[in-house]
$ cat structure34.txt   # compact mmCIF, C-alpha atoms
# COMPACT_ATOMS: atom_id res chain seq x y z
CA MET A 1 30.28 48.29 -0.71
CA THR A 2 30.98 48.64 -4.44
CA ARG A 3 28.98 47.07 -7.27
CA GLU A 4 31.93 44.77 -8.09
CA GLN A 5 32.11 43.53 -4.50
CA VAL A 6 28.37 42.75 -4.50
CA PHE A 7 28.78 40.98 -7.83
CA GLN A 8 31.59 38.78 -6.50
CA ARG A 9 29.68 37.82 -3.34
CA LEU A 10 26.59 37.16 -5.44
CA LYS A 11 28.63 34.82 -7.64
CA ASN A 12 29.58 32.83 -4.53
CA VAL A 13 25.91 32.53 -3.56
CA PHE A 14 25.02 31.32 -7.07
CA GLU A 15 27.79 28.71 -7.00
CA ASP A 16 26.66 27.53 -3.59
CA VAL A 17 23.04 27.14 -4.77
CA PHE A 18 23.82 25.52 -8.14
CA GLU A 19 26.85 23.59 -6.76
CA ASP A 20 28.75 24.40 -9.94
CA THR A 21 30.71 27.25 -11.49
CA VAL A 22 28.33 29.86 -12.90
CA GLU A 23 29.20 32.53 -15.47
CA LEU A 24 27.48 35.73 -14.41
CA ASN A 25 27.24 39.18 -15.94
CA GLU A 26 24.85 42.11 -15.65
CA THR A 27 22.42 40.73 -18.27
CA THR A 28 22.36 37.08 -17.12
CA THR A 29 18.78 35.78 -16.74
CA ALA A 30 17.24 32.51 -15.52
CA ALA A 31 17.18 31.28 -19.12
CA ASP A 32 21.00 31.55 -19.29
CA VAL A 33 21.81 29.38 -16.25
CA PRO A 34 21.02 25.65 -16.53
CA GLY A 35 18.81 24.48 -13.70
CA TRP A 36 17.62 27.96 -12.65
CA ASP A 37 14.02 27.00 -11.92
CA SER A 38 11.51 28.40 -9.42
CA LEU A 39 12.91 26.39 -6.49
CA SER A 40 16.50 27.42 -7.26
CA HIS A 41 15.25 31.00 -7.48
CA ILE A 42 13.82 30.80 -3.96
CA ALA A 43 17.06 29.22 -2.67
CA LEU A 44 18.96 32.07 -4.36
CA LEU A 45 16.82 34.77 -2.75
CA VAL A 46 17.22 33.24 0.71
CA GLY A 47 20.96 32.78 0.06
CA VAL A 48 21.34 36.44 -0.98
CA GLU A 49 19.37 37.63 2.05
CA ASN A 50 21.61 35.60 4.37
CA GLU A 51 24.82 36.66 2.61
CA PHE A 52 24.08 40.40 2.75
CA GLY A 53 21.88 40.49 5.86
CA VAL A 54 18.98 42.16 4.06
CA LYS A 55 15.27 41.36 3.60
CA PHE A 56 13.50 41.61 0.24
CA SER A 57 9.83 42.42 -0.22
CA MET A 58 7.70 40.52 -2.75
CA LYS A 59 7.29 43.77 -4.72
CA ASP A 60 11.08 43.94 -5.19
CA VAL A 61 11.41 40.26 -6.02
CA VAL A 62 8.73 39.97 -8.71
CA HIS A 63 10.22 42.84 -10.72
CA LEU A 64 13.73 41.33 -10.95
CA ARG A 65 14.69 40.72 -14.58
CA ASN A 66 18.40 39.87 -14.50
CA VAL A 67 21.48 39.61 -12.29
CA GLY A 68 22.31 43.30 -12.82
CA GLU A 69 18.96 44.26 -11.29
CA MET A 70 19.61 41.88 -8.40
CA VAL A 71 22.93 43.65 -7.73
CA SER A 72 21.16 47.03 -7.80
CA LEU A 73 18.47 45.71 -5.44
CA VAL A 74 21.09 44.42 -2.97
CA LEU A 75 22.92 47.77 -3.02
CA ARG A 76 19.64 49.66 -2.50
CA GLN A 77 18.53 47.37 0.34
CA CYS A 78 21.95 47.57 2.02
CA GLY A 79 21.67 51.37 1.89
CA GLU A 80 18.08 51.47 3.14
CA GLN A 81 18.55 48.85 5.85
CA GLY A 82 21.90 50.27 6.98
CA VAL A 83 23.95 47.17 6.15
CA SER A 84 27.62 47.79 5.33
CA MET B 1 25.09 13.71 -6.22
CA ARG B 2 23.15 16.84 -7.02
CA ASN B 3 23.62 16.56 -10.79
CA GLY B 4 22.68 12.91 -10.83
CA LEU B 5 19.67 13.61 -8.64
CA LYS B 6 18.63 16.58 -10.73
CA PHE B 7 19.06 14.69 -14.01
CA TRP B 8 16.78 11.78 -13.16
CA LEU B 9 14.21 13.85 -11.26
CA ASN B 10 14.09 16.36 -14.13
CA PHE B 11 13.75 13.51 -16.60
CA LEU B 12 10.75 12.14 -14.67
CA CYS B 13 9.21 15.65 -14.58
CA LEU B 14 9.55 15.86 -18.33
CA VAL B 15 7.89 12.46 -18.73
CA PHE B 16 5.02 13.65 -16.55
CA VAL B 17 4.41 16.85 -18.45
CA ALA B 18 4.58 15.03 -21.81
CA HIS B 19 2.09 12.44 -20.54
CA SER B 20 -0.16 15.12 -19.09
CA HIS B 21 -0.58 17.13 -22.25
CA ILE B 22 -1.00 13.99 -24.39
CA VAL B 23 -3.81 12.83 -22.10
CA HIS B 24 -5.52 16.20 -22.33
CA THR B 25 -5.40 16.14 -26.13
CA PRO B 26 -8.67 14.73 -27.51
CA THR B 27 -8.49 11.08 -28.68
CA CYS B 28 -5.12 10.46 -27.00
CA GLY B 29 -6.95 9.95 -23.70
CA PHE B 30 -6.46 6.17 -23.56
CA LEU B 31 -3.19 6.92 -21.77
CA GLN B 32 -5.35 8.09 -18.86
CA ARG B 33 -4.79 4.71 -17.22
CA LEU B 34 -1.24 5.88 -16.51
CA ASP B 35 -2.63 8.79 -14.46
CA PHE B 36 -2.74 6.44 -11.46
CA LEU B 37 1.07 6.33 -11.54
CA VAL B 38 2.03 9.61 -13.16
CA ILE B 39 -0.02 12.06 -11.05
CA PRO B 40 1.25 10.86 -7.64
CA LEU B 41 4.71 10.52 -9.17
CA PHE B 42 4.80 14.18 -10.16
CA SER B 43 3.39 15.22 -6.81
CA MET B 44 6.11 13.14 -5.15
CA LEU B 45 8.79 14.81 -7.27
CA ALA B 46 7.45 18.18 -6.11
CA GLY B 47 7.60 16.92 -2.50
CA VAL B 48 11.21 15.74 -2.93
CA SER B 49 12.25 19.08 -4.48
CA TRP B 50 10.40 21.11 -1.88
CA GLY B 51 11.79 18.97 0.97
CA GLY B 52 15.30 19.65 -0.36
CA LEU B 53 14.55 23.38 -0.35
CA LEU B 54 13.20 23.16 3.20
CA LYS B 55 16.38 21.47 4.41
CA LYS B 56 18.51 24.09 2.67
CA THR B 57 16.63 27.29 3.48
CA GLY B 58 14.37 26.42 6.42
CA GLY B 59 11.08 28.23 6.89
CA ALA B 60 12.29 31.34 5.00
CA GLY B 61 12.39 29.47 1.66
CA THR B 62 8.96 27.94 2.20
CA TRP B 63 7.47 31.31 3.08
CA TYR B 64 8.94 32.77 -0.13
CA GLY B 65 7.70 29.73 -2.05
CA LEU B 66 4.17 30.12 -0.72
CA LYS B 67 4.03 33.82 -1.56
CA MET B 68 5.48 33.26 -5.02
CA LEU B 69 3.05 30.40 -5.66
CA LEU B 70 0.01 32.58 -4.95
CA LEU B 71 0.80 34.80 -7.95
CA PRO B 72 0.53 32.02 -10.58
CA TYR B 73 -2.32 30.41 -8.61
CA PHE B 74 -4.61 33.43 -8.87
CA PHE B 75 -3.42 34.30 -12.37
CA TRP B 76 -4.20 30.83 -13.78
CA LEU B 77 -7.36 30.55 -11.70
CA ALA B 78 -8.67 33.74 -13.34
CA THR B 79 -7.41 32.69 -16.77
CA TYR B 80 -9.06 29.26 -16.73
CA PHE B 81 -12.22 30.60 -15.11
CA VAL B 82 -12.66 33.08 -17.96
CA LEU B 83 -11.69 30.47 -20.56
CA ASN B 84 -13.88 27.60 -19.32
CA TYR B 85 -16.89 29.34 -17.80
CA VAL B 86 -17.15 32.50 -19.90
CA VAL B 87 -15.52 31.95 -23.31
CA LEU B 88 -16.28 28.24 -23.82
CA ASP B 89 -19.59 27.86 -21.94
CA VAL B 90 -21.26 31.17 -22.70
CA PHE B 91 -19.82 32.27 -26.04
CA VAL B 92 -18.84 29.01 -27.77
CA ARG B 93 -21.41 26.50 -26.43
CA ARG B 94 -24.14 29.15 -25.98
CA GLU B 95 -25.03 27.86 -22.49
CA SER B 96 -26.57 30.09 -19.84
CA TRP B 97 -24.37 31.50 -17.05
CA GLY B 98 -24.52 28.99 -14.20
CA VAL B 99 -21.87 30.05 -11.69
CA SER B 100 -23.26 31.00 -8.26
CA TRP B 101 -21.42 32.97 -5.58
CA PHE B 102 -20.97 29.71 -3.68
CA ASP B 103 -19.35 28.14 -6.76
CA ALA B 104 -17.06 31.16 -7.14
CA LEU B 105 -15.91 30.88 -3.50
CA PHE B 106 -15.37 27.15 -3.98
CA PHE B 107 -13.31 27.84 -7.11
CA ILE B 108 -11.08 30.33 -5.29
CA LEU B 109 -10.48 28.00 -2.35
CA THR B 110 -9.97 24.81 -4.36
CA GLY B 111 -8.83 25.94 -7.80
CA TYR B 112 -11.73 24.13 -9.47
CA CYS B 113 -11.46 25.92 -12.81
CA GLY B 114 -9.33 23.64 -14.91
CA ILE B 115 -8.05 20.12 -14.48
CA GLN B 116 -4.42 21.22 -14.21
CA MET B 117 -5.24 23.50 -11.25
CA TRP B 118 -5.37 20.34 -9.11
CA PHE B 119 -1.65 20.35 -8.84
CA LEU B 120 -1.19 24.05 -8.12
CA VAL B 121 -3.78 24.14 -5.35
CA THR B 122 -2.21 21.06 -3.75
CA LEU B 123 1.14 22.84 -3.69
CA VAL B 124 -0.41 25.93 -2.07
CA TYR B 125 -2.09 23.98 0.74
CA ALA B 126 0.84 21.60 1.17
CA MET B 127 3.26 24.51 1.58
CA LEU B 128 0.94 26.19 4.06
CA ILE B 129 0.55 23.03 6.14
CA PHE B 130 4.24 22.10 6.00
CA LEU B 131 5.26 25.67 6.86
CA CYS B 132 3.11 25.49 10.01
CA MET B 133 4.57 22.06 10.83
CA PHE B 134 8.12 23.32 10.31
CA LYS B 135 7.48 26.33 12.55
CA ALA B 136 6.12 23.98 15.22
CA PHE B 137 8.66 21.14 15.04
CA GLY B 138 11.69 22.47 13.11
CA ASN B 139 13.93 20.00 11.30
CA SER B 140 13.42 17.21 13.84
CA PRO B 141 12.10 13.62 14.04
CA ALA B 142 8.78 15.15 15.19
CA PHE B 143 8.47 16.84 11.79
CA CYS B 144 9.04 13.48 10.09
CA PHE B 145 6.40 11.85 12.32
CA ALA B 146 3.91 14.67 11.67
CA THR B 147 4.45 14.23 7.91
CA PHE B 148 3.73 10.52 8.29
CA VAL B 149 0.52 11.27 10.23
CA LEU B 150 -0.51 13.71 7.49
CA LEU B 151 0.12 11.01 4.88
CA VAL B 152 -2.04 8.47 6.73
CA ALA B 153 -4.80 11.09 7.17
CA ALA B 154 -4.71 11.97 3.47
CA LEU B 155 -4.99 8.28 2.52
CA TRP B 156 -7.84 7.68 4.96
CA LEU B 157 -9.90 10.86 4.36
CA PRO B 158 -11.33 10.06 0.89
CA ASP B 159 -12.97 6.90 2.25
CA ALA B 160 -14.18 8.50 5.49
CA GLN B 161 -17.96 8.58 5.68
CA PHE B 162 -18.25 12.26 6.66
CA VAL B 163 -16.04 13.36 3.75
CA GLN B 164 -18.00 11.27 1.28
CA SER B 165 -21.30 12.71 2.39
CA ALA B 166 -19.97 16.30 2.51
CA SER B 167 -18.28 16.12 -0.90
CA GLY B 168 -21.36 14.37 -2.31
CA ARG B 169 -23.52 17.30 -1.26
CA LEU B 170 -21.03 19.68 -2.88
CA ARG B 171 -21.15 17.82 -6.22
CA TYR B 172 -17.36 17.66 -6.43
CA VAL B 173 -16.65 14.09 -5.25
CA GLU B 174 -14.11 13.23 -7.94
CA TYR B 175 -12.20 16.44 -7.32
CA TYR B 176 -11.72 15.60 -3.64
CA ARG B 177 -10.79 12.02 -4.43
CA VAL B 178 -7.98 13.01 -6.77
CA TRP B 179 -6.77 15.63 -4.35
CA PHE B 180 -6.60 13.37 -1.31
CA SER B 181 -5.95 10.02 -2.96
CA TRP B 182 -3.12 10.96 -5.29
CA LEU B 183 -1.77 14.47 -4.92
CA PHE B 184 -1.51 15.06 -1.20
CA PRO B 185 -0.19 11.60 -0.24
CA GLY B 186 2.25 11.84 -3.15
CA PHE B 187 3.59 15.15 -1.85
CA CYS B 188 3.89 13.80 1.73
CA ILE B 189 5.81 10.72 0.53
CA GLY B 190 8.06 13.02 -1.54
CA VAL B 191 8.87 15.10 1.56
CA LEU B 192 9.62 11.92 3.54
CA LEU B 193 11.90 10.67 0.72
CA SER B 194 13.79 13.97 0.73
CA LEU B 195 14.63 13.74 4.44
CA PRO B 196 17.53 11.20 4.22
CA LYS B 197 20.87 12.74 3.30
CA ALA B 198 21.76 12.48 -0.40
CA ARG B 199 24.65 10.13 0.35
CA GLY B 200 22.15 7.72 1.91
CA TYR B 201 20.85 7.10 -1.59
CA ASP B 202 24.40 6.87 -2.96
CA ALA B 203 25.39 3.67 -1.11
CA PRO B 204 26.62 0.77 -3.33
CA TRP B 205 23.97 -1.62 -1.98
CA MET B 206 21.28 0.88 -2.97
CA ARG B 207 22.48 0.82 -6.56
CA LYS B 208 23.15 -2.91 -6.67
CA TYR B 209 19.97 -4.27 -5.10
CA VAL B 210 17.44 -1.58 -4.25
CA VAL B 211 17.42 0.39 -7.52
CA PRO B 212 16.90 -2.63 -9.83
CA ALA B 213 14.22 -4.06 -7.52
CA LEU B 214 12.35 -0.77 -7.16
CA SER B 215 12.66 0.04 -10.86
CA ALA B 216 11.24 -3.41 -11.67
CA LEU B 217 8.34 -2.74 -9.26
CA GLY B 218 7.71 0.67 -10.84
CA PHE B 219 7.72 -0.67 -14.38
CA ALA B 220 5.74 -3.80 -13.44
CA TRP B 221 2.95 -1.47 -12.41
CA LEU B 222 2.74 -0.24 -15.99
CA PHE B 223 1.59 -3.71 -17.04
CA TRP B 224 -0.32 -5.09 -14.06
CA GLY B 225 -1.00 -2.25 -11.66
CA ARG B 226 -4.46 -1.05 -10.76
CA GLY B 227 -5.62 1.66 -8.36
CA ARG B 228 -3.83 3.91 -5.93
CA GLY B 229 -2.84 1.12 -3.50
CA ILE B 230 -0.06 -0.14 -5.72
CA ALA B 231 0.48 3.13 -7.62
CA LEU B 232 1.84 5.05 -4.62
CA PRO B 233 4.55 2.47 -3.74
CA ALA B 234 5.37 2.12 -7.45
CA ALA B 235 5.76 5.89 -7.85
CA ALA B 236 7.84 6.02 -4.65
CA ALA B 237 9.98 3.20 -6.08
CA LEU B 238 10.73 5.24 -9.20
CA VAL B 239 11.62 8.33 -7.14
CA VAL B 240 13.97 6.35 -4.86
CA ALA B 241 15.52 4.76 -7.94
CA ALA B 242 15.97 8.22 -9.51
CA CYS B 243 17.66 9.49 -6.32
CA ALA B 244 19.97 6.47 -6.10
CA LEU B 245 21.03 6.22 -9.74
CA PRO B 246 24.66 7.16 -10.47
CA LYS B 247 25.69 10.73 -11.24
CA VAL B 248 24.77 11.84 -14.73
CA TYR B 249 25.33 15.34 -16.02
CA ALA B 250 22.12 16.66 -17.50
CA PRO B 251 22.41 17.12 -21.27
CA LYS B 252 21.72 20.57 -22.65
CA TRP B 253 18.24 19.70 -23.99
CA LEU B 254 17.13 18.57 -20.54
CA SER B 255 18.65 21.58 -18.74
CA ALA B 256 16.85 23.80 -21.24
CA THR B 257 13.48 22.08 -20.86
CA ALA B 258 13.25 20.94 -17.22
CA PRO B 259 12.80 24.41 -15.63
CA TYR B 260 9.82 24.93 -17.96
CA THR B 261 7.87 21.80 -17.02
CA MET B 262 5.57 23.56 -14.54
CA GLY B 263 4.93 26.35 -17.04
CA ILE B 264 4.23 23.87 -19.86
CA TYR B 265 1.82 22.06 -17.55
CA LEU B 266 -0.04 25.28 -16.77
CA VAL B 267 -0.12 26.61 -20.35
CA HIS B 268 -0.85 23.49 -22.40
CA ALA B 269 -4.58 23.42 -21.55
CA LEU B 270 -5.06 26.70 -23.43
CA PHE B 271 -3.94 24.96 -26.62
CA THR B 272 -5.77 21.67 -26.03
CA SER B 273 -8.99 23.65 -25.40
CA ALA B 274 -8.40 25.56 -28.64
CA LEU B 275 -7.93 22.23 -30.44
CA ASN B 276 -11.29 21.04 -29.08
CA VAL B 277 -13.01 24.19 -30.30
CA VAL B 278 -11.35 24.26 -33.73
CA PHE B 279 -12.21 20.61 -34.47
CA ASN B 280 -15.54 20.77 -32.60
CA SER B 281 -14.42 17.75 -30.61
CA THR B 282 -16.71 16.13 -28.01
CA PRO B 283 -16.52 12.74 -26.23
CA ASP B 284 -19.11 11.45 -28.75
CA ASN B 285 -17.39 13.05 -31.70
CA PRO B 286 -13.63 12.85 -31.07
CA ILE B 287 -11.09 14.05 -33.62
CA SER B 288 -9.18 11.55 -35.73
CA GLU B 289 -6.05 9.92 -34.32
CA TRP B 290 -4.22 11.15 -37.41
CA VAL B 291 -4.84 14.70 -36.19
CA ALA B 292 -4.62 14.09 -32.43
CA TRP B 293 -1.11 12.67 -32.19
CA PRO B 294 0.72 15.23 -34.37
CA ALA B 295 -1.36 17.93 -32.64
CA SER B 296 -0.28 16.62 -29.26
CA VAL B 297 3.41 16.80 -30.22
CA ALA B 298 2.90 20.27 -31.71
CA ILE B 299 1.11 21.47 -28.55
CA PHE B 300 4.04 20.34 -26.42
CA PHE B 301 6.50 22.42 -28.43
CA VAL B 302 4.14 25.40 -28.74
CA SER B 303 3.62 25.32 -24.94
CA TRP B 304 7.38 25.13 -24.40
CA TRP B 305 7.92 28.07 -26.73
CA ALA B 306 5.10 30.07 -25.06
CA VAL B 307 6.63 29.51 -21.61
CA ARG B 308 10.05 30.51 -22.93
CA VAL B 309 8.59 33.76 -24.29
CA LEU B 310 6.57 34.44 -21.10
CA ARG B 311 9.65 33.95 -18.94
CA ARG B 312 11.44 36.69 -20.87
CA ILE B 313 8.62 39.20 -20.30
CA PRO B 314 9.06 41.24 -17.10
CA TYR B 315 6.56 40.28 -14.37
CA MET B 316 4.95 37.55 -16.56
CA ALA B 317 7.90 35.30 -15.70
CA ASN B 318 6.41 35.00 -12.19
CA PHE B 319 3.35 33.20 -13.58
CA VAL B 320 5.14 30.29 -15.23

$ encode --input "structure34.txt" --output "C-alpha cells"
Amino acid sequence: MTREQVFQRLKNVFEDVFEDTVELNETTTAADVPGWDSLSHIALLVGVENEFGVKFSMKDVVHLRNVGEMVSLVLRQCGEQGVS
Amino acid sequence: MRNGLKFWLNFLCLVFVAHSHIVHTPTCGFLQRLDFLVIPLFSMLAGVSWGGLLKKTGGAGTWYGLKMLLLPYFFWLATYFVLNYVVLDVFVRRESWGVSWFDALFFILTGYCGIQMWFLVTLVYAMLIFLCMFKAFGNSPAFCFATFVLLVAALWLPDAQFVQSASGRLRYVEYYRVWFSWLFPGFCIGVLLSLPKARGYDAPWMRKYVVPALSALGFAWLFWGRGRGIALPAAAALVVAACALPKVYAPKWLSATAPYTMGIYLVHALFTSALNVVFNSTPDNPISEWVAWPASVAIFFVSWWAVRVLRRIPYMANFV
C-alpha cells in the first residue's frame, strides 16, 4: 500500500466522521478542521482502525501531531501487523 | 441533522464554559444560582455527545475515551494539587501542611483538588460504568433500562442515610452531593437522550410543539426555578430543544471555539486563582466589580488562547 492510497482512504474516514468534505494534507492538524474535538478524534481513531484492520497503542496515539504522522503510523502498523 | 445538532449543542457548551469561569471569578459569584441549571446541563451535553460516540464506535470508542481521559485527569489532578495545597496554602497563605495519606488517596480517587475536577472525575467513572454496561448488554433495550436504573440510583443516593453518614464522617458532604445530585444524573439523562435516532428529533411536531414548550420550561427555570428537582427536567428540556432545532451551519467563531471548551474549563482556574492572589481577594474582602467583570472577560480569552497554544504543543495537546 502506497502513502497516497493510505491518504485517500484516510480522507474517506475523515469525511465519514465529520459528515462533510474535509481538505487534508500532510500538515493538517485538529486546529485546521472545524469540529475536530476530543470525541471526533476518538471516532477517527476507531474509524481508521476499522478501515485498515490495525490496532493502535496509546503510546502511538498520544504522539500524533498531524495527518502526515497518522499516515506514517498506519503504514508502520500495516507493516508490523501484516495487513496488506 | 449533524450540523444543526452540533451547532446548538456547541453553543450550549460555550454558554456553560463562559458561565463557569465568570462564577469562579471573585465578585461575579452571584451567578452561582445558575449552577443548578448549568452544571447538570453541561453534564447532559457530555452524556449526549458520549452516547453518540457509543452508538457510532461501540465499546472500542469508549475504551479509547477512558484511556485518553486518564491522561488529562492525572495531569490536572497533579497541577491543581500543587497549586492549591502547596503553592497557595503553604507558600502564599503560610499555612502548615495538612494533607494526610488518606486525603491524598481520596484526592486521587475523587479528584478533590479543584472545583473544576468535579466534571472530569464524573466523566472517568461514568465512562467506566457505561463501558461495563455496554459490554454486558450491548446496544439493546437492556442497556437503556440499566441507564435508567443508574439514573434513579444516582438521584436517590445523596439522600440515603448510609451515604449521608459515610460522607459526613469523611468531611466531604458537599462534594458527594454535587457529584450525585447534578453531574451523574445529568450524564445518565444525556445518554438516554442520545439513544433515539437523530431523525426522531427532526419531526415537524417536535419543532412545532415540543421545542417551544421545552424551551419555555428551560427559560422559565431561570426566573422561578429552585433546586435540582426542577433543574434536571429544565436542563433536559434545553438539550432536547437543541437536538430538535432546525439545521444551522456553525459559524466560524463557534467552530473555532467549541472544541476548546473542555480545555478552557480546565485551564481557567489557574487564572482565577492568580487573580485572587494578585488582588488579595477573600470572601470578606472581595475585589471591586469594576475589576472583576473585565477580568472575567479577559480570563476567558486568555484561557482560550492558552488552550490554543497547548493544543499545538506535541503531547500537551492530550491534556486539553

$ interface_residues --input "structure34.txt" --of "chain B" --to "chain A" --cutoff "7 Å" --atoms "only C-alpha atoms" --output "number ranges by chain"
B: 53, 57, 60-61, 64-65, 255-256, 259, 314-315, 318

$ axis_aligned_box --input "structure34.txt" --around "region 41-53 of chain A" --padding-each-side "5 Å" --output "AutoDock Vina command-line options"
--center_x 19.3 --center_y 34.9 --center_z -0.8 --size_x 21.0 --size_y 21.3 --size_z 23.3

$ atom_distance --input "structure34.txt" --atom1 "CA of Ala317 (chain B)" --atom2 "CA of Lys67 (chain B)"
14.7 Å

$ atom_distance --input "structure34.txt" --atom1 "CA of Gly138 (chain B)" --atom2 "CA of Val239 (chain B)"
24.7 Å

$ closest_residue --input "structure34.txt" --among "B:Leu45, B:His21, B:Trp97, B:Leu128" --to "Leu66 (chain B)" --atoms "all atoms listed in the file"
B:Leu128

$ residues_around --input "structure34.txt" --residues "region 200-217 of chain B" --least-positions-apart "4" --cutoff "6 Å" --atoms "only C-alpha atoms" --output "PDB file with C-alpha atoms, keeping the file's coordinate frame"
ATOM      1  CA  ALA B 234       5.370   2.120  -7.450  1.00  0.00           C
ATOM      2  CA  ALA B 237       9.980   3.200  -6.080  1.00  0.00           C
ATOM      3  CA  LEU B 238      10.730   5.240  -9.200  1.00  0.00           C
ATOM      4  CA  ALA B 241      15.520   4.760  -7.940  1.00  0.00           C
ATOM      5  CA  ALA B 244      19.970   6.470  -6.100  1.00  0.00           C
TER       6      ALA B 244
END

$ residues_around --input "structure34.txt" --residues "Met117 (chain B)" --least-positions-apart "2" --cutoff "8 Å" --atoms "only C-alpha atoms" --output "ChimeraX atom specification"
/B:73,76-77,111-115,119-121,266

$ residues_around --input "structure34.txt" --residues "region 294-300 of chain B" --least-positions-apart "2" --cutoff "12 Å" --atoms "all atoms listed in the file" --output "MDAnalysis selection string"
chainID B and resid 14:29 257 260:261 263:276 278:279 287:292 302:307

$ atom_distance --input "structure34.txt" --atom1 "CA of Cys243 (chain B)" --atom2 "CA of Phe219 (chain B)"
16.3 Å

$ residues_around --input "structure34.txt" --residues "Leu10 (chain A)" --least-positions-apart "3" --cutoff "10 Å" --atoms "all atoms listed in the file" --output "PDB file with C-alpha atoms, in the coordinates of the input"
ATOM      1  CA  GLU A   4      31.930  44.770  -8.090  1.00  0.00           C
ATOM      2  CA  GLN A   5      32.110  43.530  -4.500  1.00  0.00           C
ATOM      3  CA  VAL A   6      28.370  42.750  -4.500  1.00  0.00           C
ATOM      4  CA  PHE A   7      28.780  40.980  -7.830  1.00  0.00           C
ATOM      5  CA  VAL A  13      25.910  32.530  -3.560  1.00  0.00           C
ATOM      6  CA  PHE A  14      25.020  31.320  -7.070  1.00  0.00           C
ATOM      7  CA  GLU A  15      27.790  28.710  -7.000  1.00  0.00           C
ATOM      8  CA  ASP A  16      26.660  27.530  -3.590  1.00  0.00           C
ATOM      9  CA  LEU A  24      27.480  35.730 -14.410  1.00  0.00           C
ATOM     10  CA  LEU A  44      18.960  32.070  -4.360  1.00  0.00           C
ATOM     11  CA  GLY A  47      20.960  32.780   0.060  1.00  0.00           C
ATOM     12  CA  VAL A  48      21.340  36.440  -0.980  1.00  0.00           C
ATOM     13  CA  GLU A  51      24.820  36.660   2.610  1.00  0.00           C
ATOM     14  CA  PHE A  52      24.080  40.400   2.750  1.00  0.00           C
ATOM     15  CA  VAL A  67      21.480  39.610 -12.290  1.00  0.00           C
ATOM     16  CA  MET A  70      19.610  41.880  -8.400  1.00  0.00           C
ATOM     17  CA  VAL A  71      22.930  43.650  -7.730  1.00  0.00           C
ATOM     18  CA  VAL A  74      21.090  44.420  -2.970  1.00  0.00           C
TER      19      VAL A  74
END

$ closest_residue --input "structure34.txt" --among "A:Gly68, A:Thr27, A:Val22, A:Lys55" --to "Glu80 (chain A)" --atoms "only C-alpha atoms"
A:Lys55

$ residues_around --input "structure34.txt" --residues "Tyr85 (chain B)" --least-positions-apart "6" --cutoff "12 Å" --atoms "all atoms listed in the file" --output "PyMOL selection string"
chain B and resi 77-79+91-100+103-104+107+112-114

$ residues_near_point --input "structure34.txt" --point "(16.0, 14.1, -1.5)" --cutoff "6 Å" --atoms "only C-alpha atoms" --output "PyMOL selection string"
chain B and resi 48+52+193-194

$ write_last_selection --input "structure34.txt" --atoms "C-alpha atoms" --output "mmCIF file, in the frame of the given file"
data_model
loop_
_atom_site.group_PDB
_atom_site.id
_atom_site.type_symbol
_atom_site.label_atom_id
_atom_site.label_comp_id
_atom_site.auth_asym_id
_atom_site.auth_seq_id
_atom_site.Cartn_x
_atom_site.Cartn_y
_atom_site.Cartn_z
ATOM 1 C CA VAL B 48 11.210 15.740 -2.930
ATOM 2 C CA GLY B 52 15.300 19.650 -0.360
ATOM 3 C CA LEU B 193 11.900 10.670 0.720
ATOM 4 C CA SER B 194 13.790 13.970 0.730
#

$ closest_residue --input "structure34.txt" --among "B:Cys144, B:Leu69, B:Leu105, B:Ile129" --to "Phe184 (chain B)" --atoms "all atoms listed in the file"
B:Ile129

$ closest_residue --input "structure34.txt" --among "B:Phe319, B:Trp101, B:Phe81, B:Phe130" --to "Leu192 (chain B)" --atoms "only C-alpha atoms"
B:Phe130

$ decode --input "structure34.txt" --residues "region 27-35 of chain A" --atoms "N, CA, C and O atoms" --output "PDB file, in the first residue's frame"
ATOM      1  N   THR A  27       0.238  18.288   6.656  1.00  0.00           N
ATOM      2  CA  THR A  27       0.431  19.114   7.860  1.00  0.00           C
ATOM      3  C   THR A  27      -0.879  19.485   8.554  1.00  0.00           C
ATOM      4  O   THR A  27      -0.870  20.274   9.497  1.00  0.00           O
ATOM      5  N   THR A  28      -2.005  18.941   8.075  1.00  0.00           N
ATOM      6  CA  THR A  28      -3.305  19.270   8.696  1.00  0.00           C
ATOM      7  C   THR A  28      -3.320  18.808  10.160  1.00  0.00           C
ATOM      8  O   THR A  28      -2.923  17.686  10.472  1.00  0.00           O
ATOM      9  N   THR A  29      -3.777  19.708  11.045  1.00  0.00           N
ATOM     10  CA  THR A  29      -3.904  19.366  12.468  1.00  0.00           C
ATOM     11  C   THR A  29      -5.360  19.537  12.902  1.00  0.00           C
ATOM     12  O   THR A  29      -6.193  20.028  12.115  1.00  0.00           O
ATOM     13  N   ALA A  30      -5.641  19.193  14.164  1.00  0.00           N
ATOM     14  CA  ALA A  30      -7.011  19.329  14.685  1.00  0.00           C
ATOM     15  C   ALA A  30      -7.493  20.771  14.604  1.00  0.00           C
ATOM     16  O   ALA A  30      -8.685  21.028  14.409  1.00  0.00           O
ATOM     17  N   ALA A  31      -6.562  21.720  14.745  1.00  0.00           N
ATOM     18  CA  ALA A  31      -6.942  23.138  14.720  1.00  0.00           C
ATOM     19  C   ALA A  31      -7.418  23.564  13.333  1.00  0.00           C
ATOM     20  O   ALA A  31      -8.104  24.576  13.196  1.00  0.00           O
ATOM     21  N   ASP A  32      -7.058  22.795  12.280  1.00  0.00           N
ATOM     22  CA  ASP A  32      -7.411  23.189  10.911  1.00  0.00           C
ATOM     23  C   ASP A  32      -8.760  22.642  10.454  1.00  0.00           C
ATOM     24  O   ASP A  32      -9.282  23.074   9.425  1.00  0.00           O
ATOM     25  N   VAL A  33      -9.309  21.690  11.177  1.00  0.00           N
ATOM     26  CA  VAL A  33     -10.574  21.060  10.752  1.00  0.00           C
ATOM     27  C   VAL A  33     -11.676  21.441  11.748  1.00  0.00           C
ATOM     28  O   VAL A  33     -11.603  21.057  12.923  1.00  0.00           O
ATOM     29  N   PRO A  34     -12.691  22.196  11.288  1.00  0.00           N
ATOM     30  CA  PRO A  34     -13.768  22.590  12.205  1.00  0.00           C
ATOM     31  C   PRO A  34     -14.446  21.362  12.815  1.00  0.00           C
ATOM     32  O   PRO A  34     -14.752  20.402  12.110  1.00  0.00           O
ATOM     33  N   GLY A  35     -14.625  21.418  14.120  1.00  0.00           N
ATOM     34  CA  GLY A  35     -15.338  20.329  14.798  1.00  0.00           C
ATOM     35  C   GLY A  35     -14.456  19.168  15.213  1.00  0.00           C
ATOM     36  O   GLY A  35     -14.953  18.174  15.740  1.00  0.00           O
TER      37      GLY A  35
END
